[in-house]
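Have a look at the structure below before the remarks.
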Amino acid sequence: MARGTAGLITMFDNFPLWPAQSSTYAGNVDLLYIFLVLLSLFTCAAIFITIFVFSTKYRRRHGRLPEPIEGSTFLEVTWSIIPLGVFLVIFVWGAIIYFQERTPPQGATEVYVVGKQWMWKLQHQEGVREINELHIPVGHDIKLIMTSQDVIHSFYIPAFRIKQDVLPGRYTTAWFRATKAGTYHLFCSQYCGTQHSGMIGQIVVMEPAEYQAWLTTGGSFGSLAANGAALFAQLGCPTCHQTESQGRGPSLGGVYGRPVQLEDGRTITADENYIRESVVSPSAKVVSGFKPIMPVFQGLVNEEQLNELVAYVKSLNQPPAGTAGSTLMASPVTQSQEPKE
Amino acid sequence: MATTANLTAERENYLNREYGVSSWLLTVDHKRIALLYLASITFFFFVGGLFALLIRLELLTPAGDLVMADTYNKLFTMHGQIMVFFFLIPSIPATLGNFLVPMMIGAKDLAFPRINLLSWYLYIIAGTLMMHCVLTGGVDTGWTFYTPFSTAFSNTKVIEAGLAIFINGFSSILTGLNFVVTVHRMRAPGMTWSRLPLFIWSTYATSVIFLLGTPVIAITLLLVVFERAFNLGIFDPNRGGDPLLFQHLFWFYSHPAVYIMILPAMGVVSEIVPCFSRKRVFGYHFIAMSSIAIAVFGFLVWAHHMFVAGISLYSALVFSALSYLVAVPSAVKVFNWTATMYKGSVTFSTPMLYAFGFIGLFTIGGLTGLFLAALGLDVHVHDTYFVIAHFHYIMVGGAVMGFLGGMHFWWPKISGKLYPEAWGRLAAAIVFIGFNLTFFPQFILGYMGMPRRYWQYPPEFQVLNVLSTAGSTILAVGYILPMVYFTWSLRYGKPAGDNPWGASGLEWQTQSPPTTFNFDQTPIVTREAYDYENMPLPEEVSLER
Amino acid sequence: MEQQKHAASLGMWLFLATELMFFGGMFCAYLIYRYSYPVEFGVGSRTLNLPLGAANTAVLICSSLTVALAIRAAQMAKRTLMVVLLLLTMVFGLTFLVIKGFEWAEKYEKHHIPGASFQLSAEDMKGVSVDPENMQDFQQRTQTFYSLYFAMTGLHALHMIIGVGLFLYLTYAGWKGQYGPGYYTPLENGGLYWHFVDIVWIYLFPLLYLIDRNLQK
């Protein structure tokens, strides 16, 4: 029954009314949706046409008096019971789908997810880590075990019709089985602050053989910059250094390679060494207009991690898709001269 | 020679009895207080509307290019807070309710006129604090203030906004208290409960929700303020608290709050439809009881906002079932209004057009509520534009249309003047068209997966967003028009006469505008409400002007 | 006049219903946490000063008695007695606030105020054993007890202060002879408010001080 709707879908390829149906229960959800759409259309038509007919047929005309009608208990009971009956059917139908969505099958492969402002960190059972991306094989049950490091987020995959809030201090779970290979949107759907709409990614569904290959080769440990991004967030840097606006620390978007004005009047170029020094010995060079309040990370990060951080800051010169052009760094004075695209 | 116009202008009424600023700011006349509220809520409507326009402009393009992300987050937060707390919740009760409740039951004023004035001042204090918050940095938690973001992570003026809404809550509570006592204790002789206009029944039900629900949001926001100010840990998991507790407490009020917003509008429609069908309303007792049922059941469904929040499967089942129960009384009302037109004598005046608009849009909005109450489907559409479309259909397509319809219906009574009917109908049509163009595409956007509160979005969502923004500009025009012609009518409108619509109801038995104490003598009620079969058709009511 | 009296009474009862919902939210939060963290909350309860709390309960009950007697005095046209009883009510109210002040000062000295300086002493923890790695969680949850303790008793005290202010006015008006057998509505409604604040304390006292003081983990 759910597969029957696939035919309908091709109809709407050019102007889609719903996302791809890519999980086992997506079709069930769509079926209920289409039923409700048809029910609504029918109800609206019935009511609107009735109102139209009554108001035109019985519009004010000379000499015709309105007929006093007080009511009809029979009608009242009928049009209370029938809708209630229909509603209960919808309730049961919705409940059955929900049961399915909230009952992970035995033996599902587990993936751990940590949501934090503003990224998703995922870890496969095999140890592979990903950031903002989840590679999974088609046709396998996947169960997500999720928590948040800070505020409430929500893990939403429209193509799978699944969503689950991710809470700090406890675990929540969600499960799905992908039915079609492809790349699908991953959104954060619980407002979580500045970059809520940037906390997006993709679910990459692959054929099982391809997935095995991916597991064993590259892609697994992420690029240097991606690891740096994770570390950057983990160490709490976004608290002061936000990419879009000035916080307690200068914005780092586009800083690499640019001249930076310091508190003591010097102007230096933000090269790799400068970035490294800013992490291990922040008070050596304080940016003009900012206070020397950055904590010292000497001893808290090793060389490999420093490389990742440097790579990350360098990567901020390319703004991610969909955001405005990079903001100028240096003293807060330049904030008002943000270039607009 | 004294013409009718001159006579009306010379007669003493509540507007010309006393002049001067202090006669308004220190008034205890419920009608003047209603107008004080009208001015204030209109101000907030336009502030909230401005934020809406900015949101829609930003959403014209997928990139975040009009404002910064933090600014956008503040815009949707303050749009929600201002529209919900400072416009919708007071709108009909504090303006039309304050003006009409005493008159409709044959009383001289409300039970506690000075508390009524205090309500307005509390609203103004709250509103001033809110505007100060808006102008000095704003707040970005979303109108829902979810913790721990609002208590421990937001860098904006959460405490100020929370306190503003807290104070505003007391304004609502006192208004509700006034209405309940008034309806219980001050009905004219012969005005039994079964003869009350349905607007009174709706207002009464709304007032019960004011009384029982508002204190809960008050304490919840106060606890959020305490947590931020004194570093407590009531809702913060890092300090032993539970963020879900916040959500339960918050929605325990905020769900009934939506019934506060819609019940009065339903009451207005229940007044308009019989008048312009020249027939008593179909199923009076059922409509009256459905208002009470909605108020009661409305308190039992709050966790349907939390189906994916981490509540148990079994709680979700209970709340979903109850949510379907609460849909039945609303459906009953729609059927009853429709049946009222059967074998009636219908005229398409501006109030009636707004009533039609209400019925149509509320039906669509209400039906989409069925989608959201279905557990399996809600998982997909929760926190997407589908929800945004649903609640705007009800709050704007429903409540605001009801408010505008009521303003047009009672404008002659309030001001003694007639507004220009042709412009009224035109504005109603523009609002209807603009509204649908703005919000219908959002249903599709939501099902496609576009989440709420998104400053930037993937490009495939752009076409629908552009449609929506286009609609919002049309809607804006529709809202500005009544401001213009109502103001115009104050000076140039035709004098209205006591009962231009030939409507039933005690308020139409007095002059327009009414005197300060409403009635020369306390009326004695012997007829049922909506006694249209015994009332002549208002042949003199010309709708061509 | 009869209508006005009934209207005023109805108004006060409705207002008290809203106050019930207001305090109810906090009671609800407290009960939920109490159920979830019985040992931590038990520790919190234990550290509250039972003698002072009990004294406060007695003080408030006496104050409700004096209010009721004051209304009776008004009904019997005994103006002096009425004024004396109203003054006594305020004295009891202020006594309550002073005792509460001592209690809070004690909490400050014992480092039980939630925040950076919060500390549970060995004596507080007597009879309860907690693994060291769970200690931080334990402390946090106990802090939640204190957060709610201060929020609830604080708001209650605020209502007491408002009540005392109200009774200042009522005493003054009563002394001026405004109340008698024919008209004592403000006294009745003020009394209703006072009784309500008293009843909130009657619930607070056992919930915060008395139940499960000595739970073993």
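If you're wondering about the labels, chains in the structure tokens are A, B, ... by order shown, residues count from 1 in each chain, ligands from 1 in order shown.
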Determine which residues of region 91-237 of chain A receive a DSSP assignment of helix (DSSP H, G or I), computed from the backbone, and state them as a PDB file with C-alpha atoms, in the first residue's frame.
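Wrote it out as out_14.pdb, contents follow:
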```
ATOM      1  CA  PHE A  91      -5.612   8.639  16.281  1.00  0.00           C
ATOM      2  CA  VAL A  92      -5.179   4.873  16.071  1.00  0.00           C
ATOM      3  CA  TRP A  93      -3.534   5.080  12.658  1.00  0.00           C
ATOM      4  CA  GLY A  94      -1.111   7.744  13.876  1.00  0.00           C
ATOM      5  CA  ALA A  95      -0.422   5.803  17.050  1.00  0.00           C
ATOM      6  CA  ILE A  96       0.463   2.649  15.118  1.00  0.00           C
ATOM      7  CA  ILE A  97       2.983   4.513  12.989  1.00  0.00           C
ATOM      8  CA  TYR A  98       4.407   6.211  16.095  1.00  0.00           C
ATOM      9  CA  PHE A  99       4.791   2.867  17.812  1.00  0.00           C
ATOM     10  CA  GLN A 100       6.721   1.644  14.816  1.00  0.00           C
ATOM     11  CA  GLU A 101       8.902   4.774  14.805  1.00  0.00           C
ATOM     12  CA  PRO A 158      12.939  14.627   6.400  1.00  0.00           C
ATOM     13  CA  ALA A 159      13.505  11.888   3.838  1.00  0.00           C
ATOM     14  CA  PHE A 160      13.186   9.258   6.559  1.00  0.00           C
ATOM     15  CA  HIS A 196      20.699  26.738  14.555  1.00  0.00           C
ATOM     16  CA  SER A 197      20.099  26.970  10.808  1.00  0.00           C
ATOM     17  CA  GLY A 198      23.731  26.142  10.141  1.00  0.00           C
ATOM     18  CA  PRO A 208      26.333  -2.301   1.578  1.00  0.00           C
ATOM     19  CA  ALA A 209      29.470  -3.142  -0.347  1.00  0.00           C
ATOM     20  CA  GLU A 210      30.274   0.500  -0.896  1.00  0.00           C
ATOM     21  CA  TYR A 211      29.642   1.182   2.764  1.00  0.00           C
ATOM     22  CA  GLN A 212      32.083  -1.529   3.825  1.00  0.00           C
ATOM     23  CA  ALA A 213      34.665  -0.019   1.538  1.00  0.00           C
ATOM     24  CA  TRP A 214      34.073   3.413   2.993  1.00  0.00           C
ATOM     25  CA  LEU A 215      34.397   2.051   6.501  1.00  0.00           C
ATOM     26  CA  THR A 216      37.805   0.576   5.954  1.00  0.00           C
ATOM     27  CA  LEU A 224      42.218  17.748   9.525  1.00  0.00           C
ATOM     28  CA  ALA A 225      39.949  20.782   9.354  1.00  0.00           C
ATOM     29  CA  ALA A 226      36.877  18.762  10.292  1.00  0.00           C
ATOM     30  CA  ASN A 227      38.643  17.352  13.324  1.00  0.00           C
ATOM     31  CA  GLY A 228      39.788  20.859  14.129  1.00  0.00           C
ATOM     32  CA  ALA A 229      36.209  22.034  13.949  1.00  0.00           C
ATOM     33  CA  ALA A 230      35.210  19.358  16.420  1.00  0.00           C
ATOM     34  CA  LEU A 231      38.027  20.243  18.759  1.00  0.00           C
ATOM     35  CA  PHE A 232      37.308  23.939  18.442  1.00  0.00           C
ATOM     36  CA  ALA A 233      33.782  23.330  19.611  1.00  0.00           C
ATOM     37  CA  GLN A 234      34.799  20.818  22.243  1.00  0.00           C
ATOM     38  CA  CYS A 237      36.017  28.299  21.713  1.00  0.00           C
TER      39      CYS A 237
END
```
Quiz prompt | 12 Å contact set for region 275-277 of chain B, only C-alpha atoms, chain neighbours under 5 positions out, as an NGL selection string | solution = (:A and (51 or 54-61 or 65-69)) or (:B and (197 or 268-270 or 282 or 337-356 or 409 or 499-505 or 508 or 529-533 or 535-538 or 541 or 543))
Practice problem: Determine the nearest neighbour of chain C from the options B:Pro90, B:Gly397, B:Pro513, B:Gly213, counting only C-alpha atoms. | Solution: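 Going through B:Pro90, B:Gly397, B:Pro513, B:Gly213 one by one, the smallest distance to chain C is for B:Gly213.
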Self-check item: Long-range neighbours of Leu168 (chain C) as a list in words, 12 Å cut-off, only C-alpha atoms, 2 positions minimum in chain
Solution: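 These residues fall inside the cut-off: Val83, Leu86, Leu87, Leu88, Thr89, Met90, Val91, Gly93, Leu94, Ile161, Ile162, Gly163, Val164, Gly165, Leu166, Leu170, Thr171, Tyr172, Ala173, Gly174, Trp175, Leu187 and Gly190 of chain C.
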Compute the set of chain B residues within 7 Å of chain A, using only C-alpha atoms, and express it as an mmCIF file with C-alpha atoms, in the first residue's frame.
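Written out: part.cif:
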```cif
data_model
loop_
_atom_site.group_PDB
_atom_site.id
_atom_site.type_symbol
_atom_site.label_atom_id
_atom_site.label_comp_id
_atom_site.auth_asym_id
_atom_site.auth_seq_id
_atom_site.Cartn_x
_atom_site.Cartn_y
_atom_site.Cartn_z
ATOM 1 C CA PRO B 62 18.171 31.044 0.947
ATOM 2 C CA ALA B 63 21.262 32.828 2.202
ATOM 3 C CA GLY B 64 21.234 34.797 5.418
ATOM 4 C CA ASP B 65 21.906 38.147 3.860
ATOM 5 C CA ALA B 69 21.793 35.224 12.445
ATOM 6 C CA ASP B 70 21.546 36.568 15.993
ATOM 7 C CA PRO B 148 18.671 25.329 29.229
ATOM 8 C CA PHE B 149 19.193 27.701 26.299
ATOM 9 C CA PRO B 237 20.623 19.419 33.735
ATOM 10 C CA ARG B 278 -31.627 37.456 10.442
ATOM 11 C CA LYS B 279 -32.128 34.210 12.327
ATOM 12 C CA ARG B 280 -31.456 32.947 15.785
ATOM 13 C CA PHE B 282 -28.625 27.232 15.365
ATOM 14 C CA GLY B 283 -28.062 25.167 18.485
ATOM 15 C CA VAL B 308 9.323 14.203 20.118
ATOM 16 C CA ALA B 309 10.679 15.913 23.202
ATOM 17 C CA GLY B 310 11.483 12.721 25.034
ATOM 18 C CA LEU B 317 -0.773 8.179 23.352
ATOM 19 C CA SER B 320 -2.876 12.481 21.297
ATOM 20 C CA ALA B 321 -6.241 10.924 22.112
ATOM 21 C CA TYR B 324 -8.722 14.654 19.194
ATOM 22 C CA VAL B 328 -14.940 17.996 18.432
ATOM 23 C CA VAL B 332 -19.598 21.542 16.255
ATOM 24 C CA THR B 338 -23.293 27.062 8.806
ATOM 25 C CA MET B 341 -27.620 30.482 7.452
ATOM 26 C CA TYR B 342 -30.081 27.824 6.300
ATOM 27 C CA LYS B 343 -33.356 29.486 5.391
ATOM 28 C CA GLY B 344 -32.078 32.769 6.686
ATOM 29 C CA SER B 345 -31.820 36.118 4.978
ATOM 30 C CA VAL B 346 -28.149 36.663 4.357
ATOM 31 C CA THR B 347 -26.387 39.952 3.680
ATOM 32 C CA GLY B 360 -13.082 29.099 6.169
ATOM 33 C CA LEU B 367 -8.140 20.381 10.135
ATOM 34 C CA PHE B 371 -2.450 16.211 11.188
ATOM 35 C CA ALA B 374 -1.547 12.205 14.746
ATOM 36 C CA LEU B 375 1.531 10.898 16.505
ATOM 37 C CA GLY B 376 3.265 9.221 13.594
ATOM 38 C CA LEU B 377 2.749 12.224 11.360
ATOM 39 C CA VAL B 379 7.172 13.238 14.221
ATOM 40 C CA HIS B 380 7.782 14.410 10.671
ATOM 41 C CA ASP B 383 9.071 22.059 14.478
ATOM 42 C CA ILE B 444 4.026 22.437 1.790
ATOM 43 C CA TYR B 447 6.051 18.764 4.854
ATOM 44 C CA MET B 448 9.049 19.117 2.563
ATOM 45 C CA GLY B 449 11.117 19.367 5.697
ATOM 46 C CA PRO B 451 12.457 23.515 9.924
ATOM 47 C CA ARG B 452 11.230 26.503 11.892
ATOM 48 C CA ARG B 453 13.369 29.380 13.062
ATOM 49 C CA TYR B 454 15.765 28.973 10.171
ATOM 50 C CA TRP B 455 17.646 32.088 9.124
ATOM 51 C CA GLN B 456 19.093 30.393 6.070
ATOM 52 C CA GLU B 533 -37.864 36.363 14.084
#
```
Practice problem: Would you kindly return, as a PyMOL selection string, each protein, DNA or RNA residue with an atom no farther than 6 Å from any atom of region 118-120 of chain A, considering only C-alpha atoms and excluding same-chain residues fewer than 2 positions away? | Solution: chain A and resi 114-116+131-132+195+199
Write out, as a PDB file, in the first residue's frame, the residues just selected, with C-alpha atoms.
```
ATOM      1  CA  VAL A 114      26.315  14.098  20.197  1.00  0.00           C
ATOM      2  CA  GLY A 115      24.673  17.359  19.311  1.00  0.00           C
ATOM      3  CA  LYS A 116      26.321  20.568  20.327  1.00  0.00           C
ATOM      4  CA  ILE A 131      30.972  15.431  11.721  1.00  0.00           C
ATOM      5  CA  ASN A 132      27.630  16.588  10.284  1.00  0.00           C
ATOM      6  CA  GLN A 195      23.803  28.881  14.153  1.00  0.00           C
ATOM      7  CA  MET A 199      23.624  22.952  12.138  1.00  0.00           C
TER       8      MET A 199
END
```
Self-check item: Counting only C-alpha atoms, chain C residues within 7 Å of chain B, as a ChimeraX atom specification
Solution: /C:3,7,10-11,14-15,18-19,21-22,25,114-115,137,140-141,144,147
Residues from last step as file, N, CA and C atoms, as a PDB file, in the first residue's frame:
```
ATOM      1  N   GLN C   3     -25.298  42.802  46.730  1.00  0.00           N
ATOM      2  CA  GLN C   3     -24.691  42.380  45.465  1.00  0.00           C
ATOM      3  C   GLN C   3     -23.206  42.716  45.469  1.00  0.00           C
ATOM      4  N   ALA C   7     -20.162  40.199  45.138  1.00  0.00           N
ATOM      5  CA  ALA C   7     -19.217  40.380  44.038  1.00  0.00           C
ATOM      6  C   ALA C   7     -17.794  40.416  44.588  1.00  0.00           C
ATOM      7  N   LEU C  10     -16.725  36.920  45.700  1.00  0.00           N
ATOM      8  CA  LEU C  10     -16.435  36.068  44.545  1.00  0.00           C
ATOM      9  C   LEU C  10     -15.101  36.458  43.941  1.00  0.00           C
ATOM     10  N   GLY C  11     -14.882  37.766  43.863  1.00  0.00           N
ATOM     11  CA  GLY C  11     -13.620  38.242  43.301  1.00  0.00           C
ATOM     12  C   GLY C  11     -12.431  37.718  44.089  1.00  0.00           C
ATOM     13  N   LEU C  14     -11.887  33.979  43.501  1.00  0.00           N
ATOM     14  CA  LEU C  14     -11.280  33.720  42.201  1.00  0.00           C
ATOM     15  C   LEU C  14      -9.797  34.070  42.228  1.00  0.00           C
ATOM     16  N   PHE C  15      -9.468  35.188  42.886  1.00  0.00           N
ATOM     17  CA  PHE C  15      -8.068  35.574  42.963  1.00  0.00           C
ATOM     18  C   PHE C  15      -7.267  34.511  43.695  1.00  0.00           C
ATOM     19  N   THR C  18      -6.357  31.744  41.515  1.00  0.00           N
ATOM     20  CA  THR C  18      -5.178  31.997  40.681  1.00  0.00           C
ATOM     21  C   THR C  18      -3.908  31.820  41.504  1.00  0.00           C
ATOM     22  N   GLU C  19      -3.941  32.228  42.763  1.00  0.00           N
ATOM     23  CA  GLU C  19      -2.765  32.063  43.611  1.00  0.00           C
ATOM     24  C   GLU C  19      -2.461  30.589  43.832  1.00  0.00           C
ATOM     25  N   MET C  21      -2.986  28.244  41.659  1.00  0.00           N
ATOM     26  CA  MET C  21      -2.302  27.787  40.451  1.00  0.00           C
ATOM     27  C   MET C  21      -0.864  28.289  40.434  1.00  0.00           C
ATOM     28  N   PHE C  22      -0.660  29.505  40.949  1.00  0.00           N
ATOM     29  CA  PHE C  22       0.673  30.099  40.962  1.00  0.00           C
ATOM     30  C   PHE C  22       1.619  29.274  41.834  1.00  0.00           C
ATOM     31  N   GLY C  25       2.347  25.511  40.588  1.00  0.00           N
ATOM     32  CA  GLY C  25       3.426  25.198  39.660  1.00  0.00           C
ATOM     33  C   GLY C  25       4.686  24.800  40.402  1.00  0.00           C
ATOM     34  N   PRO C 114      22.313  27.929  47.221  1.00  0.00           N
ATOM     35  CA  PRO C 114      22.801  27.368  45.959  1.00  0.00           C
ATOM     36  C   PRO C 114      23.721  28.345  45.248  1.00  0.00           C
ATOM     37  N   GLY C 115      24.758  27.805  44.657  1.00  0.00           N
ATOM     38  CA  GLY C 115      25.674  28.677  43.930  1.00  0.00           C
ATOM     39  C   GLY C 115      27.093  28.269  44.217  1.00  0.00           C
ATOM     40  N   ASP C 137      27.083  15.058  41.234  1.00  0.00           N
ATOM     41  CA  ASP C 137      25.657  14.961  40.892  1.00  0.00           C
ATOM     42  C   ASP C 137      24.798  15.117  42.134  1.00  0.00           C
ATOM     43  N   GLN C 140      24.595  18.611  43.230  1.00  0.00           N
ATOM     44  CA  GLN C 140      23.757  19.414  42.338  1.00  0.00           C
ATOM     45  C   GLN C 140      22.291  19.185  42.639  1.00  0.00           C
ATOM     46  N   ARG C 141      21.935  17.929  42.847  1.00  0.00           N
ATOM     47  CA  ARG C 141      20.524  17.652  43.076  1.00  0.00           C
ATOM     48  C   ARG C 141      20.066  18.209  44.419  1.00  0.00           C
ATOM     49  N   THR C 144      19.241  21.686  43.988  1.00  0.00           N
ATOM     50  CA  THR C 144      17.909  21.912  43.433  1.00  0.00           C
ATOM     51  C   THR C 144      16.891  22.012  44.557  1.00  0.00           C
ATOM     52  N   SER C 147      17.229  25.422  45.893  1.00  0.00           N
ATOM     53  CA  SER C 147      16.678  26.412  44.958  1.00  0.00           C
ATOM     54  C   SER C 147      15.179  26.506  45.142  1.00  0.00           C
TER      55      SER C 147
END
```
Exercise. Return as number ranges by chain the full set of residues in region 155-281 of chain A whose backbone-based DSSP assignment is strand (DSSP E).
Key: A: 155-157, 162-166, 172-177, 182-188, 201-206, 259-261, 267-269
Self-check item: Exercise: Tyr179 (chain C) partners within 9 Å, only C-alpha atoms, chain neighbours under 6 positions left out, as a list in words
Solution: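 Near Tyr179 (chain C), the qualifying residues are Ala74, Gln75, Ala77, Arg79, Ala173, Thr185, Pro186 and Leu187 of chain C.
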Could you name the residues that touch Ser489 (chain B) at 12 Å or less, counting only C-alpha atoms, but leaving out those on the same chain fewer than 3 positions away, as a PDB file with C-alpha atoms, in the first residue's frame?
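Dumped to around-v3.pdb:
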```
ATOM      1  CA  HIS B 408     -16.403  46.480  12.051  1.00  0.00           C
ATOM      2  CA  TRP B 411     -17.603  50.273  15.316  1.00  0.00           C
ATOM      3  CA  PRO B 412     -20.900  52.148  14.879  1.00  0.00           C
ATOM      4  CA  ILE B 414     -18.198  52.440  19.750  1.00  0.00           C
ATOM      5  CA  SER B 415     -17.728  55.578  17.685  1.00  0.00           C
ATOM      6  CA  GLY B 416     -21.223  56.569  16.611  1.00  0.00           C
ATOM      7  CA  LYS B 417     -20.026  56.615  13.025  1.00  0.00           C
ATOM      8  CA  LEU B 418     -20.298  54.298  10.053  1.00  0.00           C
ATOM      9  CA  TYR B 419     -17.124  53.158   8.307  1.00  0.00           C
ATOM     10  CA  PRO B 420     -17.214  53.148   4.487  1.00  0.00           C
ATOM     11  CA  GLU B 421     -18.693  49.783   3.575  1.00  0.00           C
ATOM     12  CA  TRP B 423     -13.596  49.935   1.621  1.00  0.00           C
ATOM     13  CA  GLY B 424     -14.460  47.511   4.404  1.00  0.00           C
ATOM     14  CA  PRO B 482      -8.912  49.646   8.252  1.00  0.00           C
ATOM     15  CA  MET B 483      -6.559  51.843  10.280  1.00  0.00           C
ATOM     16  CA  VAL B 484      -6.983  54.482   7.625  1.00  0.00           C
ATOM     17  CA  TYR B 485     -10.703  54.346   7.064  1.00  0.00           C
ATOM     18  CA  PHE B 486     -11.664  53.875  10.714  1.00  0.00           C
ATOM     19  CA  TYR B 492     -16.221  62.109   8.078  1.00  0.00           C
ATOM     20  CA  GLY B 493     -18.262  58.983   8.612  1.00  0.00           C
ATOM     21  CA  LYS B 494     -22.042  59.039   8.545  1.00  0.00           C
ATOM     22  CA  PRO B 495     -23.634  59.056  11.978  1.00  0.00           C
ATOM     23  CA  ALA B 496     -24.608  55.552  12.889  1.00  0.00           C
TER      24      ALA B 496
END
```
Neighbours of Thr57 (chain C) within 8 Å (only C-alpha atoms; same-chain residues fewer than 4 positions away dropped), as a short mmCIF file (atom, residue, chain, number, x, y, z; two decimals) with C-alpha atoms, in the first residue's frame?
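Okay, this is what ended up in result-v2.cif:
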```
data_model
loop_
_atom_site.label_atom_id
_atom_site.label_comp_id
_atom_site.auth_asym_id
_atom_site.auth_seq_id
_atom_site.Cartn_x
_atom_site.Cartn_y
_atom_site.Cartn_z
CA GLY C 53 9.71 25.88 61.22
CA ILE C 61 -2.12 29.39 62.96
CA TRP C 201 2.57 27.44 54.69
CA ILE C 202 0.66 24.51 56.17
CA PHE C 205 6.01 22.96 56.19
#
```
Quiz item: Just how far from CA of Ile145 (chain A) is CA of Pro38 (chain C), in Å to one decimal?
Solution: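 Pair CA of Pro38 (chain C) / CA of Ile145 (chain A) returns 28.1 Å.
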